[in-house]
$ cat coords.tsv   # TSV, C-alpha atoms and all ligand atoms
chain	number	residue	atom	x	y	z
A	1	MET	CA	194.36	-24.19	19.98
A	2	VAL	CA	192.09	-23.73	16.96
A	3	LYS	CA	189.19	-24.96	19.02
A	4	GLN	CA	189.94	-22.40	21.67
A	5	GLU	CA	190.08	-19.60	19.04
A	6	VAL	CA	186.71	-20.66	17.64
A	7	SER	CA	185.11	-20.77	21.03
A	8	LYS	CA	186.56	-17.31	21.81
A	9	VAL	CA	185.10	-15.91	18.57
A	10	ASN	CA	181.78	-17.52	19.43
A	11	THR	CA	181.72	-16.08	22.91
A	12	THR	CA	182.47	-12.60	21.56
A	13	LYS	CA	179.68	-12.99	19.00
A	14	GLU	CA	177.30	-14.22	21.66
A	15	LYS	CA	178.21	-11.26	23.85
A	16	GLU	CA	177.60	-8.84	20.94
A	17	PHE	CA	174.31	-10.55	20.21
A	18	GLY	CA	173.33	-10.35	23.85
A	19	LYS	CA	174.23	-6.69	23.97
A	20	GLY	CA	172.16	-6.06	20.83
A	21	LEU	CA	169.16	-7.78	22.34
A	22	PHE	CA	169.59	-5.80	25.54
A	23	VAL	CA	169.66	-2.48	23.63
A	24	ILE	CA	166.54	-3.45	21.63
A	25	GLY	CA	164.79	-4.48	24.83
A	26	LEU	CA	165.72	-1.23	26.53
A	27	ASN	CA	164.43	0.80	23.58
A	28	LEU	CA	161.16	-1.12	23.54
A	29	LEU	CA	160.77	-0.50	27.25
A	30	LEU	CA	161.42	3.23	26.80
A	31	LEU	CA	158.93	3.38	23.92
A	32	TYR	CA	156.35	1.57	26.02
A	33	GLN	CA	156.86	3.98	28.92
A	34	GLN	CA	156.57	6.93	26.55
A	35	LEU	CA	153.32	5.63	25.02
A	36	ARG	CA	151.93	4.89	28.46
A	37	PHE	CA	152.83	8.39	29.61
A	38	MET	CA	151.29	9.99	26.52
A	39	SER	CA	148.00	8.19	26.89
A	40	ALA	CA	147.64	8.40	30.67
A	41	THR	CA	144.15	9.39	31.74
A	42	ILE	CA	144.06	12.39	34.05
A	43	LEU	CA	140.31	12.72	34.36
A	44	GLU	CA	137.52	10.27	33.73
A	45	LEU	CA	133.82	10.62	34.43
A	46	LYS	CA	131.19	7.92	33.85
A	47	ASP	CA	127.45	8.62	33.93
A	48	VAL	CA	127.91	11.49	36.36
A	49	ALA	CA	125.04	13.68	37.51
A	50	ILE	CA	125.81	17.04	39.13
A	51	PHE	CA	123.44	18.73	41.54
A	52	GLN	CA	123.26	22.11	43.23
A	53	LYS	CA	121.19	21.38	46.34
A	54	GLU	CA	118.24	19.44	44.91
A	55	SER	CA	118.43	20.79	41.34
A	56	LEU	CA	119.94	18.62	38.69
A	57	ILE	CA	122.47	20.74	36.80
A	58	LEU	CA	124.18	18.20	34.53
A	59	ASN	CA	123.25	14.63	33.74
A	60	ASP	CA	124.80	11.59	32.00
A	61	VAL	CA	128.26	13.14	31.90
A	62	SER	CA	130.87	10.72	30.58
A	63	LEU	CA	134.22	11.94	29.39
A	64	GLU	CA	137.95	11.38	29.48
A	65	VAL	CA	140.83	13.86	29.50
A	66	LYS	CA	144.31	12.57	28.78
A	67	GLN	CA	147.65	13.85	29.91
A	68	GLY	CA	148.85	16.82	27.88
A	69	GLU	CA	145.47	17.83	26.47
A	70	PHE	CA	144.10	21.38	26.43
A	71	VAL	CA	140.33	21.17	26.75
A	72	TYR	CA	137.80	23.99	26.71
A	73	LEU	CA	134.51	23.79	28.57
A	74	ILE	CA	132.04	26.20	26.99
A	75	GLY	CA	128.39	27.06	27.53
A	76	LYS	CA	126.14	29.98	28.42
A	77	THR	CA	126.07	31.52	31.90
A	78	GLY	CA	124.16	29.18	34.19
A	79	SER	CA	124.77	26.10	32.01
A	80	GLY	CA	126.82	24.39	34.74
A	81	LYS	CA	130.49	25.06	33.93
A	82	SER	CA	131.40	26.17	37.45
A	83	SER	CA	129.36	23.36	39.02
A	84	PHE	CA	131.28	20.93	36.80
A	85	MET	CA	134.62	22.42	37.89
A	86	LYS	CA	133.57	22.38	41.56
A	87	THR	CA	132.82	18.68	41.33
A	88	LEU	CA	136.33	18.13	40.00
A	89	TYR	CA	138.07	19.94	42.84
A	90	GLY	CA	135.89	18.48	45.55
A	91	ASP	CA	133.75	21.53	46.30
A	92	LEU	CA	130.59	19.69	45.22
A	93	PRO	CA	130.38	16.03	46.22
A	94	LEU	CA	129.99	13.47	43.47
A	95	ARG	CA	126.64	11.96	44.37
A	96	GLN	CA	125.86	10.00	41.25
A	97	GLY	CA	128.12	8.20	38.74
A	98	GLU	CA	131.83	7.52	38.85
A	99	GLY	CA	134.77	9.83	38.56
A	100	SER	CA	138.52	9.75	38.91
A	101	ILE	CA	140.86	12.71	38.73
A	102	VAL	CA	144.67	12.66	39.11
A	103	ASP	CA	144.30	9.22	40.73
A	104	PHE	CA	141.64	10.27	43.25
A	105	ASP	CA	138.30	8.50	43.25
A	106	LEU	CA	135.74	11.33	43.44
A	107	LYS	CA	133.04	9.01	44.73
A	108	LYS	CA	135.16	8.00	47.71
A	109	LEU	CA	136.57	11.46	48.35
A	110	GLN	CA	136.37	12.50	51.99
A	111	GLU	CA	136.78	15.90	53.58
A	112	LYS	CA	140.30	15.01	54.76
A	113	ASP	CA	141.39	14.05	51.19
A	114	ILE	CA	140.45	17.39	49.66
A	115	PRO	CA	143.65	19.31	50.52
A	116	PHE	CA	145.68	16.47	48.99
A	117	LEU	CA	143.56	16.44	45.84
A	118	ARG	CA	143.96	20.22	45.53
A	119	ARG	CA	147.72	19.92	45.80
A	120	LYS	CA	147.70	17.88	42.59
A	121	LEU	CA	145.48	20.43	40.86
A	122	GLY	CA	146.18	24.02	39.96
A	123	ILE	CA	142.99	26.06	40.24
A	124	VAL	CA	142.54	29.44	38.61
A	125	PHE	CA	139.42	31.60	39.03
A	126	GLN	CA	137.95	34.55	37.21
A	127	ASP	CA	138.56	36.87	40.19
A	128	PHE	CA	142.23	36.16	40.88
A	129	LYS	CA	141.74	35.69	44.66
A	130	LEU	CA	145.12	37.13	45.65
A	131	LEU	CA	145.54	38.22	49.27
A	132	PRO	CA	145.43	42.05	49.09
A	133	ASP	CA	147.39	42.70	52.29
A	134	ARG	CA	150.72	41.26	51.17
A	135	SER	CA	153.18	41.29	48.29
A	136	ILE	CA	153.14	38.76	45.44
A	137	MET	CA	156.15	37.01	46.95
A	138	LYS	CA	154.34	36.72	50.30
A	139	ASN	CA	151.17	35.52	48.56
A	140	LEU	CA	153.09	32.69	46.96
A	141	GLN	CA	155.04	31.89	50.10
A	142	PHE	CA	151.77	31.69	52.04
A	143	VAL	CA	150.54	28.94	49.70
A	144	LEU	CA	153.81	27.01	49.88
A	145	LYS	CA	153.84	27.10	53.69
A	146	ALA	CA	150.17	26.08	53.82
A	147	THR	CA	150.98	23.08	51.64
A	148	GLY	CA	153.85	21.84	53.77
A	149	TRP	CA	156.98	23.55	52.43
A	150	THR	CA	159.52	24.55	55.09
A	151	ASP	CA	162.92	25.06	53.44
A	152	GLN	CA	163.27	28.79	52.68
A	153	THR	CA	165.82	28.32	49.87
A	154	LYS	CA	163.63	25.78	48.13
A	155	MET	CA	160.62	28.05	48.51
A	156	ASP	CA	162.54	31.00	47.03
A	157	HIS	CA	163.60	28.87	44.05
A	158	GLN	CA	160.10	27.61	43.44
A	159	ILE	CA	158.64	31.11	43.60
A	160	GLU	CA	161.25	32.41	41.17
A	161	ASP	CA	160.55	29.48	38.86
A	162	VAL	CA	156.77	29.96	38.71
A	163	LEU	CA	157.07	33.75	38.33
A	164	GLU	CA	159.45	33.18	35.44
A	165	LYS	CA	156.95	30.83	33.77
A	166	VAL	CA	154.30	33.56	33.68
A	167	GLY	CA	156.72	36.34	32.75
A	168	MET	CA	156.47	38.13	36.11
A	169	LYS	CA	159.90	37.50	37.60
A	170	THR	CA	160.56	41.16	38.37
A	171	LYS	CA	157.17	41.85	40.01
A	172	GLY	CA	157.43	39.74	43.16
A	173	PHE	CA	157.81	42.73	45.50
A	174	LYS	CA	154.60	44.42	44.26
A	175	PHE	CA	151.24	44.29	46.00
A	176	PRO	CA	148.23	42.92	44.08
A	177	HIS	CA	146.63	46.38	43.73
A	178	GLU	CA	149.80	47.62	42.04
A	179	LEU	CA	149.29	45.17	39.17
A	180	SER	CA	146.92	45.24	36.19
A	181	GLY	CA	144.15	42.64	35.89
A	182	GLY	CA	146.15	40.62	33.37
A	183	GLU	CA	149.22	40.70	35.61
A	184	GLN	CA	147.18	39.62	38.63
A	185	GLN	CA	145.81	36.71	36.66
A	186	ARG	CA	149.34	35.72	35.61
A	187	ILE	CA	150.26	35.70	39.31
A	188	ALA	CA	147.20	33.56	40.04
A	189	ILE	CA	148.44	31.14	37.36
A	190	ALA	CA	151.91	31.17	38.92
A	191	ARG	CA	150.29	30.35	42.27
A	192	ALA	CA	148.44	27.45	40.63
A	193	LEU	CA	151.79	26.10	39.41
A	194	LEU	CA	153.50	26.13	42.83
A	195	ASN	CA	152.98	22.46	43.62
A	196	ASP	CA	153.67	21.18	40.07
A	197	PRO	CA	150.06	20.19	39.43
A	198	GLU	CA	149.15	17.40	37.04
A	199	LEU	CA	146.03	19.22	35.93
A	200	ILE	CA	145.11	22.88	35.82
A	201	LEU	CA	141.43	23.79	36.19
A	202	ALA	CA	140.76	27.33	35.07
A	203	ASP	CA	137.21	28.67	35.53
A	204	GLU	CA	136.77	31.63	33.16
A	205	PRO	CA	140.32	32.89	33.75
A	206	THR	CA	139.85	35.66	31.18
A	207	GLY	CA	136.31	36.54	32.30
A	208	ASN	CA	137.34	39.87	33.86
A	209	LEU	CA	139.91	40.86	31.25
A	210	ASP	CA	139.74	42.89	28.04
A	211	PRO	CA	140.35	41.02	24.76
A	212	GLN	CA	144.00	41.98	24.39
A	213	THR	CA	144.86	41.07	27.99
A	214	SER	CA	142.91	37.83	27.58
A	215	VAL	CA	145.20	36.88	24.71
A	216	GLU	CA	148.26	37.53	26.90
A	217	VAL	CA	146.90	35.28	29.65
A	218	MET	CA	145.97	32.68	27.05
A	219	LYS	CA	149.53	32.70	25.68
A	220	VAL	CA	150.79	31.89	29.18
A	221	LEU	CA	148.33	28.99	29.50
A	222	GLN	CA	149.29	27.74	26.04
A	223	ALA	CA	152.98	27.78	26.94
A	224	ILE	CA	152.26	25.87	30.15
A	225	ASN	CA	150.29	23.30	28.15
A	226	LYS	CA	153.14	22.99	25.62
A	227	SER	CA	155.48	22.15	28.48
A	228	GLY	CA	153.34	19.05	29.11
A	229	ARG	CA	150.68	20.10	31.58
A	230	THR	CA	147.02	19.25	31.11
A	231	ILE	CA	144.56	22.15	31.16
A	232	LEU	CA	140.78	22.26	31.43
A	233	MET	CA	139.48	25.77	30.92
A	234	ALA	CA	135.89	26.94	31.25
A	235	THR	CA	135.16	29.97	29.11
A	236	HIS	CA	132.50	31.67	27.06
A	237	ASP	CA	135.05	33.69	25.13
A	238	TYR	CA	134.47	32.28	21.66
A	239	ALA	CA	136.96	34.65	20.02
A	240	LEU	CA	139.69	33.09	22.14
A	241	ILE	CA	138.65	29.58	21.15
A	242	LEU	CA	138.75	30.49	17.48
A	243	LYS	CA	142.20	31.99	17.92
A	244	TYR	CA	143.52	29.00	19.88
A	245	PRO	CA	141.48	26.02	18.69
A	246	SER	CA	141.49	22.89	20.84
A	247	LYS	CA	139.23	20.07	21.98
A	248	THR	CA	135.98	21.63	23.17
A	249	LEU	CA	133.27	20.31	25.50
A	250	LYS	CA	129.96	22.09	25.72
A	251	CYS	CA	127.48	22.34	28.62
A	252	ASP	CA	123.98	22.70	27.24
A	253	GLY	CA	120.55	21.37	28.17
A	254	ASN	CA	121.93	19.59	31.28
A	255	LYS	CA	124.43	17.65	29.15
A	256	VAL	CA	128.15	17.87	28.39
A	257	PHE	CA	129.23	16.85	24.91
A	258	GLU	CA	132.20	17.38	22.61
A	259	VAL	CA	131.70	19.90	19.82
A	260	VAL	CA	133.71	20.12	16.65
A	261	GLN	CA	134.88	23.57	15.74
A	262	ARG	CA	134.28	24.80	12.24
A	263	ALA	CA	137.31	26.01	10.39
A	264	VAL	CA	137.39	29.82	10.30
A	301	LIG	N1	125.60	27.54	45.39
A	301	LIG	C1	124.54	27.31	44.60
A	301	LIG	N2	123.35	26.95	45.13
A	301	LIG	C2	122.27	26.71	44.35
A	301	LIG	N3	122.30	26.78	43.01
A	301	LIG	C3	123.44	27.13	42.43
A	301	LIG	C4	124.64	27.40	43.17
A	301	LIG	N4	125.63	27.72	42.32
A	301	LIG	C5	125.09	27.63	41.09
A	301	LIG	N5	123.80	27.28	41.13
A	301	LIG	C6	122.90	27.08	39.97
A	301	LIG	O1	123.44	26.08	39.16
A	301	LIG	C7	123.26	26.39	37.78
A	301	LIG	C8	124.61	26.32	37.08
A	301	LIG	O2	125.44	27.37	37.56
A	301	LIG	P1	126.99	27.43	37.29
A	301	LIG	O3	127.55	26.09	37.48
A	301	LIG	O4	127.54	28.54	38.08
A	301	LIG	O5	127.01	27.77	35.72
A	301	LIG	P2	128.08	28.55	34.83
A	301	LIG	O6	129.39	28.47	35.52
A	301	LIG	O7	128.05	27.86	33.50
A	301	LIG	O8	127.58	29.96	34.71
A	301	LIG	C9	122.59	27.74	37.72
A	301	LIG	O9	121.21	27.54	37.53
A	301	LIG	C10	122.86	28.32	39.09
A	301	LIG	O10	121.81	29.17	39.46
A	302	MG	MG	130.76	29.94	36.10
$ encode --input "coords.tsv" --output "structure tokens"
Amino acid sequence: MVKQEVSKVNTTKEKEFGKGLFVIGLNLLLLYQQLRFMSATILELKDVAIFQKESLILNDVSLEVKQGEFVYLIGKTGSGKSSFMKTLYGDLPLRQGEGSIVDFDLKKLQEKDIPFLRRKLGIVFQDFKLLPDRSIMKNLQFVLKATGWTDQTKMDHQIEDVLEKVGMKTKGFKFPHELSGGEQQRIAIARALLNDPELILADEPTGNLDPQTSVEVMKVLQAINKSGRTILMATHDYALILKYPSKTLKCDGNKVFEVVQRAV
């Protein structure tokens, strides 16, 4: 009888102990996953050289961008920012060096892979590139259909969601020419978000905008970055960088290197 009681107590204790261990193990696993997620590499280049036809534009480029970072790419006009971006979205082939972006190997990238790469990237240009002959809603729907979406309800939800993210929920029925430059760029950002990209590449997104409108667009990009998305933004708008300091890479003298911002 006593023996039985003791063994019962022991089993309960063992069970408690086991449960404790299980909870600790689970927490460690979660922590590990979280750390892994935080430090995941989204973009990595090693000894890359970038060419436009036969001219060498950038050389010895090695860099890493991790998930969740906001990185500026600065440099004078003609220093190679757009060529750099084009290499990342498969518009310029990677001829020399190694590169991986959102799990694609840039060296092995083939023509048929490019649409799939671009689905994992959100690309924003200086000149918004909206289709002028249709409403904002139809512009966004066009992209969804072109990237394989078929369910109308899902498409409507996704469009509403991305328009909300850029503060343009009520403007879906408008045509591009009925919007200001800043609004059109916000729509272009919404379009870039349609397929939940892992990385957003923005090539001078504020290049055509006045300073105040640039700040509004920047606030949208900042909010998107805060929600966990990685952003690489080419710009030569130094005022904006001072206002929203972040990791900065510079193209200069055929090289890309990180620069440290001075405190203002
Ligand atoms: N399609 C092209 N063909 C030939 N040369 C080009 C092409 N596009 C850009 N370049 C050249 O590559 C260099 C870098 O240009 P670019 O990458 O556009 O710089 P940025 O975006 O910093 O202004 C410039 O000398 C430019 O003339
Ligand atoms: Mg450029």
$ closest_residue --input "coords.tsv" --among "A:Ile50, A:Ile123, A:Leu199, A:Cys251" --to "Leu92 (chain A)" --atoms "all atoms listed in the file"
A:Ile50
$ closest_residue --input "coords.tsv" --among "A:Lys19, A:Lys112, A:Lys129, A:Lys76" --to "ligand LIG 301 (chain A)" --atoms "only C-alpha atoms and all ligand atoms"
A:Lys76
$ residues_near_ligand --input "coords.tsv" --ligand "ligand MG 302 (chain A)" --cutoff "10 Å" --atoms "all atoms listed in the file" --output "NGL selection string"
:A and (74-86 or 125-126 or 203-204 or 207 or 234-236)
$ residues_near_point --input "coords.tsv" --point "(133.5, 18.6, 52.8)" --cutoff "9 Å" --atoms "all atoms listed in the file" --output "PDB file with C-alpha atoms, in the frame of the given file"
ATOM      1  CA  GLY A  90     135.890  18.480  45.550  1.00  0.00           C
ATOM      2  CA  ASP A  91     133.750  21.530  46.300  1.00  0.00           C
ATOM      3  CA  LEU A  92     130.590  19.690  45.220  1.00  0.00           C
ATOM      4  CA  PRO A  93     130.380  16.030  46.220  1.00  0.00           C
ATOM      5  CA  LEU A 109     136.570  11.460  48.350  1.00  0.00           C
ATOM      6  CA  GLN A 110     136.370  12.500  51.990  1.00  0.00           C
ATOM      7  CA  GLU A 111     136.780  15.900  53.580  1.00  0.00           C
ATOM      8  CA  LYS A 112     140.300  15.010  54.760  1.00  0.00           C
ATOM      9  CA  ILE A 114     140.450  17.390  49.660  1.00  0.00           C
TER      10      ILE A 114
END
$ closest_residue --input "coords.tsv" --among "A:Gly68, A:Pro197, A:Pro115, A:Pro205" --to "ligand LIG 301 (chain A)" --atoms "all atoms listed in the file"
A:Pro205
$ atom_distance --input "coords.tsv" --atom1 "CA of Val143 (chain A)" --atom2 "CA of His177 (chain A)"
18.8 Å
$ axis_aligned_box --input "coords.tsv" --around "ligand LIG 301 (chain A)" --padding-each-side "4 Å" --output "JSON"
{"center_x": 125.3, "center_y": 28.0, "center_z": 39.4, "size_x": 16.2, "size_y": 11.9, "size_z": 19.9}
$ atom_distance --input "coords.tsv" --atom1 "atom C5 of ligand LIG 301 (chain A)" --atom2 "CA of Ser62 (chain A)"
20.7 Å
$ atom_distance --input "coords.tsv" --atom1 "CA of Gly122 (chain A)" --atom2 "CA of Glu198 (chain A)"
7.8 Å
$ closest_residue --input "coords.tsv" --among "A:Thr150, A:Leu232, A:Met155, A:Val71" --to "Val259 (chain A)" --atoms "all atoms listed in the file"
A:Val71
$ closest_residue --input "coords.tsv" --among "A:Leu58, A:Val48, A:Leu221, A:Val65" --to "ligand LIG 301 (chain A)" --atoms "all atoms listed in the file"
A:Leu58
$ closest_residue --input "coords.tsv" --among "A:Leu242, A:Ala49, A:Leu163, A:Leu249" --to "Asn139 (chain A)" --atoms "all atoms listed in the file"
A:Leu163
$ build_atoms --input "coords.tsv" --residues "region 130-152 of chain A" --atoms "N, CA and C atoms" --output "PDB file, in the frame of the given file"
ATOM      1  N   LEU A 130     143.816  36.897  44.994  1.00  0.00           N
ATOM      2  CA  LEU A 130     145.120  37.130  45.650  1.00  0.00           C
ATOM      3  C   LEU A 130     144.842  37.806  46.997  1.00  0.00           C
ATOM      4  N   LEU A 131     145.718  37.563  47.959  1.00  0.00           N
ATOM      5  CA  LEU A 131     145.540  38.220  49.270  1.00  0.00           C
ATOM      6  C   LEU A 131     146.010  39.670  49.135  1.00  0.00           C
ATOM      7  N   PRO A 132     145.107  40.654  49.395  1.00  0.00           N
ATOM      8  CA  PRO A 132     145.430  42.050  49.090  1.00  0.00           C
ATOM      9  C   PRO A 132     146.423  42.693  50.060  1.00  0.00           C
ATOM     10  N   ASP A 133     146.601  42.055  51.247  1.00  0.00           N
ATOM     11  CA  ASP A 133     147.390  42.700  52.290  1.00  0.00           C
ATOM     12  C   ASP A 133     148.873  42.335  52.246  1.00  0.00           C
ATOM     13  N   ARG A 134     149.296  41.647  51.219  1.00  0.00           N
ATOM     14  CA  ARG A 134     150.720  41.260  51.170  1.00  0.00           C
ATOM     15  C   ARG A 134     151.235  41.210  49.733  1.00  0.00           C
ATOM     16  N   SER A 135     152.551  41.257  49.617  1.00  0.00           N
ATOM     17  CA  SER A 135     153.180  41.290  48.290  1.00  0.00           C
ATOM     18  C   SER A 135     152.950  39.961  47.560  1.00  0.00           C
ATOM     19  N   ILE A 136     153.273  39.969  46.271  1.00  0.00           N
ATOM     20  CA  ILE A 136     153.140  38.760  45.440  1.00  0.00           C
ATOM     21  C   ILE A 136     153.995  37.625  46.011  1.00  0.00           C
ATOM     22  N   MET A 137     155.233  38.004  46.367  1.00  0.00           N
ATOM     23  CA  MET A 137     156.150  37.010  46.950  1.00  0.00           C
ATOM     24  C   MET A 137     155.518  36.361  48.185  1.00  0.00           C
ATOM     25  N   LYS A 138     154.947  37.217  49.053  1.00  0.00           N
ATOM     26  CA  LYS A 138     154.340  36.720  50.300  1.00  0.00           C
ATOM     27  C   LYS A 138     153.069  35.907  50.024  1.00  0.00           C
ATOM     28  N   ASN A 139     152.339  36.299  48.974  1.00  0.00           N
ATOM     29  CA  ASN A 139     151.170  35.520  48.560  1.00  0.00           C
ATOM     30  C   ASN A 139     151.584  34.104  48.198  1.00  0.00           C
ATOM     31  N   LEU A 140     152.667  34.004  47.443  1.00  0.00           N
ATOM     32  CA  LEU A 140     153.090  32.690  46.960  1.00  0.00           C
ATOM     33  C   LEU A 140     153.687  31.871  48.110  1.00  0.00           C
ATOM     34  N   GLN A 141     154.432  32.575  48.963  1.00  0.00           N
ATOM     35  CA  GLN A 141     155.040  31.890  50.100  1.00  0.00           C
ATOM     36  C   GLN A 141     153.966  31.334  51.058  1.00  0.00           C
ATOM     37  N   PHE A 142     152.885  32.100  51.187  1.00  0.00           N
ATOM     38  CA  PHE A 142     151.770  31.690  52.040  1.00  0.00           C
ATOM     39  C   PHE A 142     151.225  30.329  51.583  1.00  0.00           C
ATOM     40  N   VAL A 143     151.072  30.192  50.260  1.00  0.00           N
ATOM     41  CA  VAL A 143     150.540  28.940  49.700  1.00  0.00           C
ATOM     42  C   VAL A 143     151.536  27.792  49.923  1.00  0.00           C
ATOM     43  N   LEU A 144     152.802  28.073  49.696  1.00  0.00           N
ATOM     44  CA  LEU A 144     153.810  27.010  49.880  1.00  0.00           C
ATOM     45  C   LEU A 144     153.812  26.525  51.322  1.00  0.00           C
ATOM     46  N   LYS A 145     153.820  27.484  52.265  1.00  0.00           N
ATOM     47  CA  LYS A 145     153.840  27.100  53.690  1.00  0.00           C
ATOM     48  C   LYS A 145     152.581  26.305  54.047  1.00  0.00           C
ATOM     49  N   ALA A 146     151.442  26.755  53.511  1.00  0.00           N
ATOM     50  CA  ALA A 146     150.170  26.080  53.820  1.00  0.00           C
ATOM     51  C   ALA A 146     150.132  24.668  53.242  1.00  0.00           C
ATOM     52  N   THR A 147     150.993  24.413  52.244  1.00  0.00           N
ATOM     53  CA  THR A 147     150.980  23.080  51.640  1.00  0.00           C
ATOM     54  C   THR A 147     152.228  22.278  52.041  1.00  0.00           C
ATOM     55  N   GLY A 148     152.838  22.694  53.147  1.00  0.00           N
ATOM     56  CA  GLY A 148     153.850  21.840  53.770  1.00  0.00           C
ATOM     57  C   GLY A 148     155.304  22.138  53.462  1.00  0.00           C
ATOM     58  N   TRP A 149     155.584  23.221  52.718  1.00  0.00           N
ATOM     59  CA  TRP A 149     156.980  23.550  52.430  1.00  0.00           C
ATOM     60  C   TRP A 149     157.605  24.228  53.649  1.00  0.00           C
ATOM     61  N   THR A 150     158.886  23.922  53.940  1.00  0.00           N
ATOM     62  CA  THR A 150     159.520  24.550  55.090  1.00  0.00           C
ATOM     63  C   THR A 150     160.872  25.185  54.744  1.00  0.00           C
ATOM     64  N   ASP A 151     161.569  24.591  53.775  1.00  0.00           N
ATOM     65  CA  ASP A 151     162.920  25.060  53.440  1.00  0.00           C
ATOM     66  C   ASP A 151     162.857  26.381  52.659  1.00  0.00           C
ATOM     67  N   GLN A 152     163.378  27.452  53.277  1.00  0.00           N
ATOM     68  CA  GLN A 152     163.270  28.790  52.680  1.00  0.00           C
ATOM     69  C   GLN A 152     163.934  28.870  51.297  1.00  0.00           C
TER      70      GLN A 152
END
